[in-house]
Each structure stands twice: as structure tokens, then as C-alpha cells.
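What follows is a single structure, written as C-alpha cells, with notes after it.
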Amino acid sequence: MQYTSLNSLNPPQQRAVKYIDGPMLVLAGAGSGKTRVITEKIAYLVGQCGYAPNKIVAVTFTNKAAQEMRHRLSNALGKQARGVGISTFHTLGLQILRRDLAMFDLNSGFSIFDAEDSLGLLKELAMHERGDEVDIVKTCQYLISDWKNELLRPTDVHKLASNPIEVQAAALFERYQRSLAAYNAVDFDDLIYRPVLALRDNPELLEKWQSRVHYLLVDEYQDTNTSQYELVQLLTASRQMLTVVGDDDQSIYAWRGARPENLGKLQEDYRKLELVKLEQNYRSTPTILNAANQLIANNPHVFEKQLWSSLAPGEPIRIECRTDDQDEVDYIVDSILDRRLRSRADLSDFAVLYRGNFQARLLEMRLQADQLPYRISGGTSFFARNEIKDVMAYLRLLVNPDDDSAFLRVVNVPRRGIGAQTLETVAAYAKNRDCGLLSACSEMGLYTQLSGKAAQSVRGFSDWLLAKQRYLAESPMAAVRELLADIGYEDWLLQNSSTPAAAEKRWANVQFLLGNIEKDLKDRDDEVEDTDQAIEAVIGKLVLRDMLERQENDEEMDQIQLLTLHAAKGLEFRHVYMMGVEERILPHHNSIDEGNIDEERRLAYVGITRAQETLTMVYTRKRKQHGHVINCEPSRFLDELPADCIHWPQRNAASPEANQQRGEQTLSGLKALFD
DNA sequence: ATCCAACTAATTTTT
DNA sequence: TTAGTTGGAT
């Protein structure tokens, strides 16, 4: 294998790729080619250093990033890329759990609860005893999640809990974990939490995984939380062979447990840590980079970094003041249309970035009125769709009869006349017998407590499901298709959708899901794996939204991109518009109150560094909020930008309020004269 | 079981 | 303002 591509790397990049003697931290500024460095390094490890592909593991946060890396690696490495373990933290954790089911008290086919399932379970546990309010339970859910990310066990938390809600959450935590175990289930956090706890106090298990991971690479390291970092540390403890890539200036997820200080902590934990900074940016004009540098210089830094670019200077950053939110949207759209003609850009070269999703609403209305195609970030993801959750719940239940969450979702889809009363009875019986709801349904004893009609429905449901379960083992796809046909799911969608067209789309979503499952099952057939467990593995992966083939260009490709600043991380666009660059929005008012302006500044930094050619920042004087008009002030971040990089015509222009005030003053002055 | 009215809360979001 | 949720009524 030839490594001509190494020559096209700049010197720091080459150093990052070629240093393989010990732990290394790559500080990769925005647009400095970090993904390229990671993939080249893997190729180098395999091609030049004799590492077996399957002894290398690369971890990312999202499936999208993992896919991208896999794709790029197969370009660099060809067939050998297949052996390299590229996965998300959660998938890696899943593998650890799956490898030693017994150690984790799990049975094959165990379920993975998503946030919704987990909230449902917590509600069940908390509200049963006391009529607690939903938002209290939600707070508990967050607390428990935080604790898991900090690797605290229920016993640790009992001592720690300081206020009443924490005490309650701590009590819930313990019962919650027990329930999950009873359901043969884990939640998302458990996928990392439980493996780490086990690796921590089980030397044999640790050694086993250390010998599986000879070299570890971690992407977006600034986003790791405590448990993820601990996993990294454990896996690399013996060999100390790791490369982590990150950028403290792009840490924008502290609010969900990320610990950017993990970057600095590496220097303490790996004494021989080698450091490389990637400061050459290949994305943006020097004007944009200077502004970004200057802005972020206001944040404290462990590692200093100066991005530079060898491109032509480029246009100044345009800062626009508009009278209100409608005017803001009109300006942006008009400006995009104008620029599209003048610089012969496609609509997809334009991105509008904002702090909160609500800001996209007006923009969407205007774009729709103008019939301009756009793509909006967020929205209900594929797996949040009801039809997908329904089918997934059926699959989960088939594979794991103890999954009560799935049972409850599915029991009346379609309506089977099994009401709340009946379910109460089943649940009570199941609790008594210490078994899952579905198992309870096949016990004779239950039917002494149910009336004829209810008993018949429940019986029918459970017998039918058990038959499908048997069928699933011999012919998974046929079983699933038959199941959906039996319940008349297509018709059910038709009845439960607003329009026939919507129903058709939802049914198409289901077909898409089935297609992906089928494909993944086939892929598994090629490799040597237990067919019996294949469907279980496929469903487990599906819950993690892994392996799903992107449903690409079902519509137009040339669309204006509408994104939150968070969603924009990692992307780039020729022309970027940042809207609502105002106090209380871009430094968000909650962050102002809590005093963490730094993360908001990083958010602005991420936004600015998305732009390749031009950047326009817009703020308004007034905007409607919750139905009321409020006055706005330009963001403090605008004042932090260097004057020679910006074009700000309306800077210090008197605001209407100031004018009005002045008017009132003269008026009162006149009054005083008369008095 | 289903539907409607009233009430509430309103950053960011992946797995 | 609006969307989503909850509780009550039919």
C-alpha cells in the first residue's frame, strides 16, 4: 500500500499521523483537517506499522461521524478498512455488554430503553406511590443520567443528595436500576456506565478488552463526559497507545455532561503525552478567522491556538441591524437571493444559523411563501416517528419478552379492547409473580382474575405474539412482515393519519425500516455469526440508530440550510448568516444568569468558523416574544470582533427607543417651560 | 375510549 | 403566541 497521501499533509498533520510511540493529543482547530488526520493515521498504523486492523478502535460521538470516517478510511485503506473497529462510544459499550451477558445479568435480546421508555418507567415507579408531578420525574431523569455520566452508583448518591429532589431521585435511581434489570433492559447511559464499572473492578475483563484494543483513537474529545473518559483511560491503561483529537474552543455540550477539561486532564493522566496543534485552516478567509480568533481570545485557555489561512483576505464580515424579526428574515432571504445571482452560488451554499429552533419559524414561513426549497435541522427524527416506534416496539418485544415498555406501547396498536383496568390486573399479577407482562399473560393463574371478554383479548394477543416469536427464530423477515399484515398496520396508519398521503408516507417509512433490517441481516449472513442471535443484534443496533442507510435526496438537493448553531458543528458553507445575534439570545439569557458566557462565546465561535467565503450577522431592535414585543440589544460578542474585519454600517446608530426618549425629554422640557 | 378545552412552559440534543 | 400535555366530560 502506498502512502503518497502523506505528502499532501502539512508538517503538523504529518507529525500527528506519524507519532505512534505513545499517547498523543491533537488540538485541531476548526477546519484544520482533523478527520483527515484520524483516517490517515489509521491507514498509517495498518499500512506502515503493522497493526492488525481489528486491533485498532476509533471512537466518535455520532453515527454520522462514524460513517463518514468509515467511508474515508475505506478510500485510504481499501478492503482492510473493514476490520477496523469504528464505532460510537455507545456501540462500543454495547459490544462490551454483549460479549459477557452473564456478567451484566442480561439475557441475549436485552432491550435498550430510549429517553422516552426510561421516562415512562420512572413515571411508573414515582407516580405510583405519590401523585408526583411529571416535571419532578423529568428532573429525576436528568439527575440520574448525570449521576451515571459521573459514574456514581445509587449507594454513592444517597450520601451525596443534598436537597429533597435529589433525595427522591436517589431513591428512584436504585429502584429504576432494579426495574431495568427485571425488564432485561439497559438505558442509553448504561451502555457506557455499566461497562466502565465492570472494567474497573474486574481485572480479567479489563485485560480482555485491553488486548482487543491495541490502539485507540478518539474524535471530538472535548465532548467526552466523565464515564467516557474513564472508558478511554481503562482501555489504554496498559499500552498507553492512543490519539485523541479535539478542540476546547468547540466545546458546546457542557450542558449535557461534556467535560472539556478532560483535554487538560490528559496531560496529568498521561505523563508522556505528546501534543500537536493543527492551526492551519483550509476553510475560511483570513478575515473570518481573525474575527474568530479575536472573539475566542476572550475565553480562558489551557492551550493557546492561532488559526491562520493562506487564502485571499476575503470580504469583511457584514453586521446588519434590522428593525424587527420579520425585517430580519426578509433581509436574510433577500440577501441570499441577491448573492446567489451575483456569486453564482447554489442555494445549498447558504446556511442560516440560529441559537434556538423557534427562530426558524418566521424564516420558514417566508421561504415557504417564496417557494424556496430549504432543509431544516432538528425536527422529528426518523426514530421518533410513531410508526417506527410502533414497529420497533413489536420487534423488541419479540426478542425480549420482559420488555414491558414495548408491551405497553404495542398492546393496543391496533385497538384490542385491552383497557387500563385490565392492564392493571395483568401488571399486579406480573408483579406478584415477579415476571414480565407478556409472561404473565401466558400464565393460567391470571385468568382467574380476568372477566371473559378481557381474558379472551389478552389470551389472543399473547398467543398470537408467542407464535410470531417462534416464527421469528426460523425466518425473521417473513415473521415481521406477517406480523404487520396480521394487525393490518397499513390500514391502521390510514385511519390514524390526517391524510391518505401522510399514511402512505408513514407506511413507506416502515418499509424503509424493514428494508434496512433485511439488508443488515443479509450482511450478517456473509460473516459467520449465530443466525439465532442475528436478529437480536440487528435490533439492538437499530435502537442506537446505527446501520441505517440515509434516506437521501427523496426531495430536492439544492436547498437553503437552516440549522441551530449546535447542529452546525462540523459542517461548512460558502455563505453563512447568523441571525438573532443579540443579548439574551446569543448569549442566551439563561447562560447570562448562570454566568457561563464562555460556552455561548464558543457557540458564536462555532458559527463564525462555519463560513468559507462570507459571513453576515444580523440583529434586530425589536422582536416578538411570547406574543409581546420586546426591545433587543446587539450581542456583546459583536463588540469583541476586530474593527478591521467587520462592516457595521448601523453601529451606534440611534435606536428608535433612544430617539423616542430624546423626544420625550424635549417634550418634558417644554412642559417645564410652561410651568 | 376518545375528544376537546384549559393550562403551562418556552436553549442547545446524541445515543 | 403556540404547541404540547393533561384532565375532565361524553
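Residues in the C-alpha cells are numbered from 1 in each chain, the chains being A, B, ... in the order shown, and ligands are numbered from 1 in the order shown.
Residues lying within 12 Å of segment 5-8 of chain B, counting only C-alpha atoms (C1' of nucleotides) and ignoring same-chain neighbours fewer than 2 positions away, are Asp135 of chain A; DC3 and DA10 of chain B; DT2, DA3, DG4, DT5, DT6, DG7, DG8 and DA9 of chain C.
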Sorted by chain and rising residue number, which residues of chain A lie within 12 Å of chain C, and what are their closest atom pairs and distances in Å to one decimal, counting only C-alpha atoms (C1' of nucleotides), as CSV?
```
residue,atom,partner,partner_atom,distance
A:Glu133,CA,C:DT6,C1',11.0
A:Val134,CA,C:DT5,C1',10.2
A:Asp135,CA,C:DT5,C1',11.5
A:Phe358,CA,C:DT2,C1',10.5
A:Arg361,CA,C:DT2,C1',11.2
A:Lys624,CA,C:DT1,C1',8.8
A:Gln625,CA,C:DT1,C1',7.6
A:His626,CA,C:DT1,C1',5.0
A:Gly627,CA,C:DT1,C1',4.5
A:His628,CA,C:DT1,C1',8.3
A:Val629,CA,C:DT1,C1',11.1
```
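Near chain A, the residues of chain B that fall inside 8 Å (using only C-alpha atoms (C1' of nucleotides)) are DT11, DT12, DT14 and DT15 of chain B.
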_Env of Trp147 of chain A: 12 Å cut, atoms = only C-alpha atoms (C1' of nucleotides), seq-sep filter 3 positions within chain, self excluded. Answer as a VMD selection string._
chain A and resid 140 to 144 150 to 158 160 to 161 166 169 to 170 173 to 174 189 to 190 193 225 to 227 256 to 257
*Output as a PyMOL selection string all residues of segment 490-628 of chain A that backbone DSSP marks as alpha helix (DSSP H).*
chain A and resi 490-495+500-526+531-543+565-568+589-594+597-608
_List as a PyMOL selection string the protein and nucleic acid residues near Ile42 of chain A, meaning an atom at most 9 Å away when only C-alpha atoms (C1' of nucleotides) are counted, but skip any in the same chain fewer than 5 places from it._
chain A and resi 17+37+47+53+56+58+73+77+81+84+217
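A straight line drawn from atom CA of Thr616 of chain A to atom CA of Arg318 of chain A is 4.6 Å long.
Non-sequential neighbours of Asp639 of chain A (distance at most 12 Å, separation of 3 or more positions within a chain, only C-alpha atoms (C1' of nucleotides)) are Ala291, Gln294, Leu295, Asn298, Ile319, Val581, Glu582, Glu583, Glu633, Pro634, Ser635, Arg636, Pro642, Ala643, Cys645, Ile646, Trp648, Arg651 and Asn652 of chain A.
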Selection above as a file: C-alpha atoms, as a CSV table (one decimal), in the first residue's frame:
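Saved file again_19.csv follows:
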```csv
chain,number,residue,atom,x,y,z
A,291,ALA,CA,-12.5,37.6,13.8
A,294,GLN,CA,-10.2,37.6,18.5
A,295,LEU,CA,-13.6,36.6,19.8
A,298,ASN,CA,-11.8,36.4,25.5
A,319,ILE,CA,-23.1,43.1,10.6
A,581,VAL,CA,-27.1,37.9,17.4
A,582,GLU,CA,-28.5,39.7,20.4
A,583,GLU,CA,-28.1,39.8,24.1
A,633,GLU,CA,-29.7,44.9,22.2
A,634,PRO,CA,-26.8,43.8,19.9
A,635,SER,CA,-24.8,40.9,21.3
A,636,ARG,CA,-21.8,41.7,23.4
A,642,PRO,CA,-11.9,43.4,15.5
A,643,ALA,CA,-12.9,46.5,13.7
A,645,CYS,CA,-12.7,42.6,9.9
A,646,ILE,CA,-16.2,43.9,10.0
A,648,TRP,CA,-21.1,47.5,10.6
A,651,ARG,CA,-23.2,50.6,14.6
A,652,ASN,CA,-24.1,53.1,17.3
```
*Please provide the set of residues having any atom within 12 Å of Tyr270 of chain A, restricted to only C-alpha atoms (C1' of nucleotides), with same-chain residues fewer than 4 positions apart removed, written as a PyMOL selection string.*
chain A and resi 22-25+232-233+236-244+262-266+274-275
Excluding segment 368-374 of chain A and its own-chain neighbours fewer than 2 positions away, which residues fall within 7 Å of it when counting only C-alpha atoms (C1' of nucleotides)? Please give them as a compact mmCIF listing (two decimals) with all heavy atoms, in the first residue's frame.
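Result file is result16.txt:
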```txt
# COMPACT_ATOMS: atom_id res chain seq x y z
N GLU A 364 -38.98 30.11 7.99
CA GLU A 364 -39.66 29.04 7.26
C GLU A 364 -40.89 29.58 6.53
O GLU A 364 -41.14 29.23 5.38
CB GLU A 364 -40.10 27.96 8.24
CG GLU A 364 -39.35 26.67 8.10
CD GLU A 364 -39.99 25.57 8.91
OE1 GLU A 364 -40.06 25.71 10.15
OE2 GLU A 364 -40.42 24.57 8.31
N MET A 365 -41.63 30.43 7.21
CA MET A 365 -42.84 30.96 6.60
C MET A 365 -42.49 31.77 5.35
O MET A 365 -43.14 31.65 4.33
CB MET A 365 -43.61 31.81 7.62
CG MET A 365 -44.36 30.96 8.62
SD MET A 365 -44.99 31.89 10.03
CE MET A 365 -46.11 33.00 9.21
N ARG A 366 -41.46 32.59 5.48
CA ARG A 366 -41.07 33.40 4.34
C ARG A 366 -40.59 32.51 3.18
O ARG A 366 -40.94 32.73 2.03
CB ARG A 366 -39.97 34.38 4.77
CG ARG A 366 -39.21 35.08 3.66
CD ARG A 366 -40.03 36.17 2.95
NE ARG A 366 -39.51 36.41 1.61
CZ ARG A 366 -38.63 37.36 1.31
NH1 ARG A 366 -38.23 38.20 2.24
NH2 ARG A 366 -38.17 37.51 0.08
N ILE A 376 -34.26 21.87 7.05
CA ILE A 376 -34.20 22.38 8.41
C ILE A 376 -33.67 21.30 9.36
O ILE A 376 -34.04 20.14 9.24
CB ILE A 376 -35.60 22.89 8.83
CG1 ILE A 376 -35.53 23.69 10.13
CG2 ILE A 376 -36.59 21.78 8.94
CD1 ILE A 376 -36.72 24.59 10.30
N GLN A 559 -30.93 23.12 -1.55
CA GLN A 559 -31.79 23.74 -0.56
C GLN A 559 -30.99 24.64 0.36
O GLN A 559 -29.84 24.35 0.68
CB GLN A 559 -32.47 22.66 0.29
CG GLN A 559 -33.20 21.61 -0.52
CD GLN A 559 -33.63 20.45 0.34
OE1 GLN A 559 -34.81 20.19 0.51
NE2 GLN A 559 -32.68 19.74 0.93
N ILE A 560 -31.63 25.70 0.81
CA ILE A 560 -31.01 26.55 1.83
C ILE A 560 -30.98 25.77 3.15
O ILE A 560 -31.95 25.11 3.51
CB ILE A 560 -31.82 27.85 2.02
CG1 ILE A 560 -31.89 28.63 0.71
CG2 ILE A 560 -31.20 28.72 3.12
CD1 ILE A 560 -32.81 29.83 0.75
N GLN A 561 -29.86 25.84 3.84
CA GLN A 561 -29.72 25.07 5.08
C GLN A 561 -30.09 25.92 6.29
O GLN A 561 -29.52 26.99 6.50
CB GLN A 561 -28.28 24.59 5.23
CG GLN A 561 -27.76 23.85 4.00
CD GLN A 561 -28.47 22.52 3.80
OE1 GLN A 561 -28.53 21.71 4.70
NE2 GLN A 561 -29.00 22.32 2.60
```
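Taking atom CA of Lys453 of chain A and atom CA of Val426 of chain A as endpoints, the distance between them is 14.2 Å.
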